[in-house]
$ cat coords_30.cif   # mmCIF, C-alpha atoms and all ligand atoms
data_work
loop_
_atom_site.label_atom_id
_atom_site.label_comp_id
_atom_site.auth_asym_id
_atom_site.auth_seq_id
_atom_site.Cartn_x
_atom_site.Cartn_y
_atom_site.Cartn_z
CA MET C 1 -22.82 5.76 -16.66
CA VAL C 2 -19.76 6.08 -14.48
CA LYS C 3 -16.95 7.96 -16.20
CA LEU C 4 -13.28 8.00 -15.31
CA GLU C 5 -10.90 10.75 -16.25
CA LYS C 6 -7.26 10.23 -15.45
CA ILE C 7 -5.70 13.21 -13.73
CA LYS C 8 -2.22 11.90 -13.13
CA GLU C 9 -0.21 8.79 -12.70
CA GLU C 10 3.07 8.90 -10.82
CA ARG C 11 4.61 5.50 -11.42
CA LYS C 12 7.66 6.20 -9.32
CA LYS C 13 5.50 7.10 -6.37
CA ASN C 14 3.03 4.27 -7.12
CA LYS C 15 0.18 6.75 -7.15
CA LEU C 16 -2.83 7.10 -9.44
CA GLN C 17 -5.41 9.85 -9.28
CA PHE C 18 -8.57 10.09 -11.34
CA LEU C 19 -11.81 12.00 -11.52
CA LEU C 20 -14.95 9.93 -10.99
CA LYS C 21 -17.90 11.45 -12.84
CA ASP C 22 -21.63 10.62 -12.74
CA SER C 23 -21.13 8.42 -9.71
CA ASP C 24 -21.55 8.91 -5.96
CA GLU C 25 -19.79 8.45 -2.64
CA VAL C 26 -21.44 5.10 -2.00
CA PHE C 27 -19.81 3.63 -5.09
CA ALA C 28 -16.45 5.30 -4.39
CA ASN C 29 -16.49 4.05 -0.81
CA THR C 30 -17.32 0.51 -1.92
CA ILE C 31 -14.28 0.47 -4.21
CA ARG C 32 -12.18 2.01 -1.45
CA ARG C 33 -13.19 -0.68 1.03
CA MET C 34 -12.63 -3.48 -1.50
CA ILE C 35 -9.07 -2.20 -1.94
CA LEU C 36 -8.32 -1.87 1.78
CA GLU C 37 -10.04 -5.02 2.99
CA GLU C 38 -10.44 -7.54 0.19
CA VAL C 39 -7.75 -7.24 -2.49
CA PRO C 40 -5.30 -10.03 -1.56
CA THR C 41 -1.52 -9.75 -1.36
CA LEU C 42 1.42 -11.79 -0.07
CA ALA C 43 2.88 -11.01 3.37
CA VAL C 44 5.19 -12.85 5.75
CA GLU C 45 3.17 -14.88 8.22
CA ASP C 46 5.62 -17.45 9.65
CA LEU C 47 9.29 -17.24 10.52
CA GLU C 48 11.76 -19.95 11.33
CA PHE C 49 14.81 -18.47 13.04
CA LYS C 50 18.02 -20.45 12.65
CA ASP C 51 20.14 -17.60 13.91
CA ASN C 52 19.52 -14.04 15.03
CA SER C 53 22.20 -12.26 17.01
CA SER C 54 21.18 -8.80 15.76
CA ALA C 55 20.01 -6.11 18.17
CA LEU C 56 16.39 -6.74 17.15
CA PHE C 57 14.58 -9.46 19.06
CA ASP C 58 13.04 -12.24 16.95
CA GLU C 59 9.56 -10.75 17.53
CA MET C 60 10.59 -7.26 16.43
CA LEU C 61 12.37 -8.48 13.33
CA GLY C 62 9.35 -10.67 12.59
CA LEU C 63 7.01 -7.70 12.86
CA ARG C 64 9.22 -5.68 10.55
CA LEU C 65 9.45 -8.45 7.95
CA GLY C 66 5.68 -8.93 8.11
CA LEU C 67 5.19 -5.32 7.10
CA THR C 68 7.77 -5.42 4.28
CA PRO C 69 5.77 -5.40 1.01
CA ILE C 70 6.21 -8.38 -1.34
CA LYS C 71 5.50 -8.09 -5.06
CA THR C 72 2.41 -10.21 -5.58
CA ASP C 73 1.53 -12.06 -8.76
CA LEU C 74 -2.20 -12.62 -8.42
CA LYS C 75 -2.23 -14.95 -11.45
CA SER C 76 -0.03 -17.47 -9.61
CA TYR C 77 -1.26 -17.13 -6.02
CA VAL C 78 -4.65 -17.51 -4.35
CA LEU C 79 -6.06 -17.13 -0.87
CA LYS C 80 -5.46 -20.15 1.33
CA GLU C 81 -9.16 -20.79 1.90
CA LYS C 82 -9.77 -20.78 -1.86
CA CYS C 83 -6.73 -22.93 -2.64
CA LYS C 84 -7.06 -26.50 -3.84
CA CYS C 85 -4.80 -27.64 -0.99
CA ALA C 86 -7.69 -26.75 1.35
CA GLY C 87 -5.54 -24.65 3.66
CA ALA C 88 -2.68 -27.12 4.13
CA GLY C 89 -0.26 -24.81 2.31
CA CYS C 90 1.18 -25.32 -1.18
CA ALA C 91 3.06 -23.44 -3.88
CA GLN C 92 -0.13 -21.61 -4.88
CA CYS C 93 -0.86 -20.02 -1.53
CA GLU C 94 2.54 -19.91 0.17
CA LEU C 95 5.98 -18.57 -0.70
CA LYS C 96 9.31 -19.23 1.02
CA ILE C 97 11.88 -16.46 1.32
CA THR C 98 15.31 -16.90 2.90
CA LEU C 99 17.14 -14.09 4.61
CA LYS C 100 20.74 -14.88 5.41
CA ALA C 101 23.26 -12.16 6.24
CA GLY C 102 26.40 -11.85 8.32
CA LYS C 103 28.13 -8.73 7.09
CA LYS C 104 28.49 -5.65 9.27
CA GLY C 105 26.10 -2.85 8.25
CA TYR C 106 22.55 -2.65 6.96
CA VAL C 107 20.83 -5.71 5.58
CA TYR C 108 18.63 -4.62 2.69
CA ALA C 109 15.46 -6.22 1.35
CA GLU C 110 17.26 -7.17 -1.89
CA GLU C 111 19.45 -9.61 0.07
CA ALA C 112 16.49 -11.84 0.81
CA GLU C 113 16.10 -14.72 -1.62
CA SER C 114 12.63 -15.62 -2.74
CA GLU C 115 11.90 -19.02 -4.26
CA ASP C 116 9.74 -17.20 -6.83
CA PRO C 117 11.77 -14.55 -8.73
CA LYS C 118 8.53 -12.73 -9.66
CA CYS C 119 7.58 -12.28 -6.02
CA THR C 120 10.41 -10.63 -4.11
CA PHE C 121 10.41 -7.81 -1.58
CA ALA C 122 9.02 -4.82 -3.48
CA HIS C 123 11.56 -2.19 -2.43
CA PRO C 124 15.12 -3.53 -2.87
CA LYS C 125 16.79 -0.76 -0.85
CA MET C 126 14.52 -1.04 2.18
CA PRO C 127 16.73 -1.63 5.26
CA LEU C 128 15.55 -4.63 7.28
CA VAL C 129 18.05 -4.77 10.14
CA LYS C 130 21.49 -3.43 11.04
CA LEU C 131 24.27 -5.80 11.99
CA LEU C 132 27.42 -5.18 14.03
CA SER C 133 30.50 -7.27 13.39
CA ARG C 134 30.02 -10.96 14.14
CA GLN C 135 26.23 -10.59 14.24
CA ARG C 136 24.12 -12.75 11.93
CA VAL C 137 20.60 -13.36 10.82
CA ASP C 138 19.48 -16.57 9.21
CA VAL C 139 15.76 -16.95 8.91
CA VAL C 140 13.30 -18.72 6.62
CA LEU C 141 10.14 -16.73 5.99
CA THR C 142 6.83 -18.08 4.83
CA ALA C 143 4.64 -15.55 3.09
CA VAL C 144 0.98 -16.35 2.57
CA VAL C 145 -1.81 -14.70 0.62
CA GLY C 146 -4.14 -12.75 2.85
CA GLN C 147 -6.52 -9.79 3.03
CA GLY C 148 -6.39 -6.40 4.75
CA LYS C 149 -9.48 -7.20 6.80
CA ALA C 150 -7.49 -9.87 8.67
CA HIS C 151 -4.34 -7.78 9.19
CA ALA C 152 -3.09 -4.46 7.79
CA LYS C 153 0.09 -6.15 6.53
CA TRP C 154 -1.96 -7.58 3.65
CA MET C 155 -3.35 -4.20 2.61
CA PRO C 156 -2.07 -3.41 -0.90
CA GLY C 157 -2.00 0.33 -0.25
CA TRP C 158 -4.23 3.23 0.39
CA ALA C 159 -7.35 4.56 -1.35
CA TYR C 160 -9.25 7.75 -0.62
CA TYR C 161 -11.50 10.28 -2.30
CA LYS C 162 -12.88 13.76 -1.89
CA LYS C 163 -15.22 16.07 -3.74
CA GLU C 164 -13.64 17.90 -6.65
CA PRO C 165 -12.70 21.42 -5.54
CA ILE C 166 -13.11 24.31 -7.96
CA VAL C 167 -11.05 27.37 -7.18
CA ALA C 168 -11.65 30.67 -8.94
CA VAL C 169 -9.70 33.88 -8.60
CA ASP C 170 -11.50 37.20 -9.04
CA LYS C 171 -10.46 40.59 -7.67
CA VAL C 172 -7.89 39.66 -5.07
CA LYS C 173 -7.13 42.48 -2.63
CA ASP C 174 -3.58 41.51 -1.80
CA PRO C 175 -2.14 38.94 -4.24
CA GLU C 176 1.28 39.12 -2.65
CA LYS C 177 -0.06 38.21 0.76
CA VAL C 178 -1.88 35.19 -0.68
CA ALA C 179 1.24 34.06 -2.55
CA GLU C 180 3.31 34.50 0.59
CA ASN C 181 0.91 32.43 2.66
CA CYS C 182 0.57 29.73 0.04
CA SER C 183 2.86 26.87 1.03
CA ASP C 184 1.68 24.18 -1.40
CA GLY C 185 2.05 25.96 -4.74
CA VAL C 186 -1.66 26.34 -5.55
CA PHE C 187 -1.18 30.06 -6.28
CA VAL C 188 1.62 31.54 -8.30
CA LEU C 189 2.28 35.24 -8.59
CA GLU C 190 2.63 36.41 -12.19
CA GLY C 191 3.54 40.07 -12.10
CA LYS C 192 0.83 41.40 -9.81
CA ARG C 193 -1.75 38.81 -10.77
CA LEU C 194 -2.50 35.60 -8.97
CA LYS C 195 -2.59 32.44 -11.07
CA VAL C 196 -4.02 29.09 -10.02
CA ASP C 197 -1.97 25.97 -10.64
CA GLN C 198 -4.74 23.48 -11.50
CA GLU C 199 -2.49 20.46 -10.99
CA LYS C 200 -1.85 21.33 -7.35
CA ILE C 201 -5.49 21.90 -6.40
CA TYR C 202 -6.43 18.23 -5.99
CA ASP C 203 -3.65 17.56 -3.50
CA SER C 204 -4.07 20.73 -1.45
CA ASN C 205 -5.48 20.65 2.07
CA LEU C 206 -5.43 24.41 2.44
CA LEU C 207 -8.12 25.52 -0.02
CA GLU C 208 -10.62 26.59 2.67
CA TYR C 209 -7.89 28.62 4.32
CA TYR C 210 -7.08 30.40 1.04
CA ALA C 211 -10.75 31.19 0.48
CA GLU C 212 -10.88 32.78 3.93
CA LEU C 213 -7.65 34.67 3.39
CA ASP C 214 -9.05 36.77 0.58
CA LYS C 215 -12.63 37.39 -0.53
CA GLY C 216 -11.46 37.40 -4.15
CA ILE C 217 -10.77 33.66 -3.97
CA SER C 218 -13.81 31.43 -4.21
CA LEU C 219 -14.02 27.73 -3.46
CA GLU C 220 -16.81 25.44 -4.57
CA TYR C 221 -17.21 21.71 -4.90
CA SER C 222 -18.59 19.85 -7.91
CA ASP C 223 -20.42 16.50 -7.82
CA ASN C 224 -17.35 14.75 -9.19
CA LEU C 225 -14.99 12.86 -6.91
CA VAL C 226 -11.21 12.94 -6.96
CA PHE C 227 -10.18 9.35 -6.23
CA THR C 228 -6.59 8.57 -5.27
CA VAL C 229 -4.92 5.15 -5.09
CA GLU C 230 -1.49 4.69 -3.54
CA SER C 231 0.26 1.34 -3.75
CA TRP C 232 2.77 0.05 -1.22
CA GLY C 233 4.46 -2.00 -3.89
CA GLN C 234 2.77 -5.42 -3.86
CA LEU C 235 0.47 -4.59 -6.80
CA SER C 236 0.23 -1.72 -9.26
CA CYS C 237 -2.51 0.86 -8.70
CA LYS C 238 -4.33 -0.47 -11.77
CA GLU C 239 -4.15 -4.05 -10.46
CA MET C 240 -5.59 -2.84 -7.15
CA LEU C 241 -8.53 -1.21 -8.94
CA ASN C 242 -9.12 -4.09 -11.36
CA THR C 243 -9.04 -6.68 -8.58
CA SER C 244 -11.40 -4.63 -6.41
CA ALA C 245 -13.88 -4.54 -9.30
CA ASP C 246 -13.50 -8.32 -9.85
CA ILE C 247 -14.19 -9.00 -6.17
CA LEU C 248 -17.26 -6.77 -6.20
CA LEU C 249 -18.59 -8.62 -9.27
CA GLU C 250 -17.91 -11.97 -7.59
CA LYS C 251 -19.91 -10.89 -4.55
CA ILE C 252 -22.83 -9.76 -6.72
CA GLU C 253 -22.81 -13.02 -8.67
CA GLU C 254 -22.82 -14.95 -5.41
CA LEU C 255 -25.82 -12.96 -4.27
CA GLU C 256 -27.60 -13.52 -7.57
CA LYS C 257 -27.08 -17.28 -7.37
CA GLN C 258 -28.69 -17.44 -3.97
CA LEU C 259 -31.77 -15.38 -4.87
ZN ZN J 1 -2.51 -23.96 -1.27
#

$ encode --input "coords_30.cif" --output "structure tokens" --more "lines below"
Ligand SMILES: [Zn+2]
Amino acid sequence: MVKLEKIKEERKKNKLQFLLKDSDEVFANTIRRMILEEVPTLAVEDLEFKDNSSALFDEMLGLRLGLTPIKTDLKSYVLKEKCKCAGAGCAQCELKITLKAGKKGYVYAEEAESEDPKCTFAHPKMPLVKLLSRQRVDVVLTAVVGQGKAHAKWMPGWAYYKKEPIVAVDKVKDPEKVAENCSDGVFVLEGKRLKVDQEKIYDSNLLEYYAELDKGISLEYSDNLVFTVESWGQLSCKEMLNTSADILLEKIEELEKQL
């Protein structure tokens, strides 16, 4: 049976890390690919410019707005091809957002007005464009539900995994040298002894280097996987994982039906 053990959740950073036990890389990679390619989100797909005298060309501003994450309520929105409007576009697969600004300075994401208050740009203080005096933008955006496999703008975030590293400290020749060369906080010097900060190990990319630096430091890998999910703001990390599992189940049921 697959077992999950939560290592840490950083809500502010939209990051979730857990240990996957009694599983394998095939399973972890399947979940990873479901998250990157299949879990749907809202992203700007069409723009109607009424005015744009900013320094950014329409195309550049369009590209930028396309990559600006929108909070996505998956209970209210579905993929166009699965929508009952059959792809024509309706309130269940499309969302209109208006961006109107004419004040000198930065225009922030919070200034855009979404017709659905639950689904606004995810990061209010994200700068979208800078205006000089007498410059204006007035544009109506249409966001649609899509998937990362069609375009990266619909990817809900990032997911990756690695084998669980196990670091042990034995008789270290020169603890001070190790501490000096440790730039990510994995080792802390306590008096003359070297201590390992377990929390930092999973995020370190320098473990092999430390093991080479001193023979007293050993590095091994267990069969467990450290799985990390980072959200770009459209969905929470948990929603990303739950939806990826739902999609996997849907695919298996579809297969079963056809057998
Ligand atoms: Zn629709």

$ closest_atom_pairs --input "coords_30.cif" --of "segment 35-101 of chain C" --to "segment 244-259 of chain C" --cutoff "9 Å" --atoms "all atoms listed in the file" --output "JSON lines"
{"residue": "C:Ile35", "atom": "CA", "partner": "C:Ser244", "partner_atom": "CA", "distance": 5.6}
{"residue": "C:Glu38", "atom": "CA", "partner": "C:Ser244", "partner_atom": "CA", "distance": 7.3}
{"residue": "C:Val39", "atom": "CA", "partner": "C:Ser244", "partner_atom": "CA", "distance": 6.0}

$ write_last_selection --input "coords_30.cif" --atoms "C-alpha atoms" --output "short mmCIF file (atom, residue, chain, number, x, y, z; two decimals), in the frame of the given file"
data_model
loop_
_atom_site.label_atom_id
_atom_site.label_comp_id
_atom_site.auth_asym_id
_atom_site.auth_seq_id
_atom_site.Cartn_x
_atom_site.Cartn_y
_atom_site.Cartn_z
CA ILE C 35 -9.07 -2.20 -1.94
CA GLU C 38 -10.44 -7.54 0.19
CA VAL C 39 -7.75 -7.24 -2.49
#

$ closest_residue --input "coords_30.cif" --among "C:Leu207, C:Met60, C:Cys83, C:Leu65" --to "Ala168 of chain C" --atoms "all atoms listed in the file"
C:Leu207

$ residues_near_ligand --input "coords_30.cif" --ligand "ligand ZN 1 (chain J)" --cutoff "7 Å" --atoms "all atoms listed in the file" --output "JSON, numbers by chain"
{"C": [80, 83, 84, 85, 86, 87, 88, 89, 90, 91, 92, 93, 94]}

$ residues_around --input "coords_30.cif" --residues "Ile217 of chain C" --least-positions-apart "4" --cutoff "8 Å" --atoms "only C-alpha atoms" --output "VMD selection string"
chain C and resid 167 to 172 210 to 212

$ residues_around --input "coords_30.cif" --residues "Asp203 of chain C" --least-positions-apart "4" --cutoff "12 Å" --atoms "only C-alpha atoms" --output "ChimeraX atom specification"
/C:7-8,17-18,160-165,184-186,197-199,207,226-228

$ write_last_selection --input "coords_30.cif" --atoms "C-alpha atoms" --output "short mmCIF file (atom, residue, chain, number, x, y, z; two decimals), in the coordinates of the input"
data_model
loop_
_atom_site.label_atom_id
_atom_site.label_comp_id
_atom_site.auth_asym_id
_atom_site.auth_seq_id
_atom_site.Cartn_x
_atom_site.Cartn_y
_atom_site.Cartn_z
CA ILE C 7 -5.70 13.21 -13.73
CA LYS C 8 -2.22 11.90 -13.13
CA GLN C 17 -5.41 9.85 -9.28
CA PHE C 18 -8.57 10.09 -11.34
CA TYR C 160 -9.25 7.75 -0.62
CA TYR C 161 -11.50 10.28 -2.30
CA LYS C 162 -12.88 13.76 -1.89
CA LYS C 163 -15.22 16.07 -3.74
CA GLU C 164 -13.64 17.90 -6.65
CA PRO C 165 -12.70 21.42 -5.54
CA ASP C 184 1.68 24.18 -1.40
CA GLY C 185 2.05 25.96 -4.74
CA VAL C 186 -1.66 26.34 -5.55
CA ASP C 197 -1.97 25.97 -10.64
CA GLN C 198 -4.74 23.48 -11.50
CA GLU C 199 -2.49 20.46 -10.99
CA LEU C 207 -8.12 25.52 -0.02
CA VAL C 226 -11.21 12.94 -6.96
CA PHE C 227 -10.18 9.35 -6.23
CA THR C 228 -6.59 8.57 -5.27
#

$ atom_distance --input "coords_30.cif" --atom1 "atom CA of Pro40 of chain C" --atom2 "atom CA of Val107 of chain C"
27.4 Å

$ residues_around --input "coords_30.cif" --residues "Val44 of chain C" --least-positions-apart "6" --cutoff "9 Å" --atoms "all atoms listed in the file" --output "PyMOL selection string"
chain C and resi 62-63+65-70+95-97+141-145+153

$ atom_distance --input "coords_30.cif" --atom1 "atom CA of Leu79 of chain C" --atom2 "atom CA of Met126 of chain C"
26.3 Å

$ atom_distance --input "coords_30.cif" --atom1 "atom CA of Thr41 of chain C" --atom2 "atom CA of Ser54 of chain C"
28.4 Å

$ closest_residue --input "coords_30.cif" --among "C:Asp138, C:Ala28, C:Asp73, C:Phe187" --to "Asp58 of chain C" --atoms "all atoms listed in the file"
C:Asp138

$ axis_aligned_box --input "coords_30.cif" --around "segment 138-148 of chain C" --padding-each-side "8 Å" --output "lines of an AutoDock Vina configuration file"
center_x = 6.5
center_y = -12.6
center_z = 4.9
size_x = 42.0
size_y = 28.3
size_z = 24.6
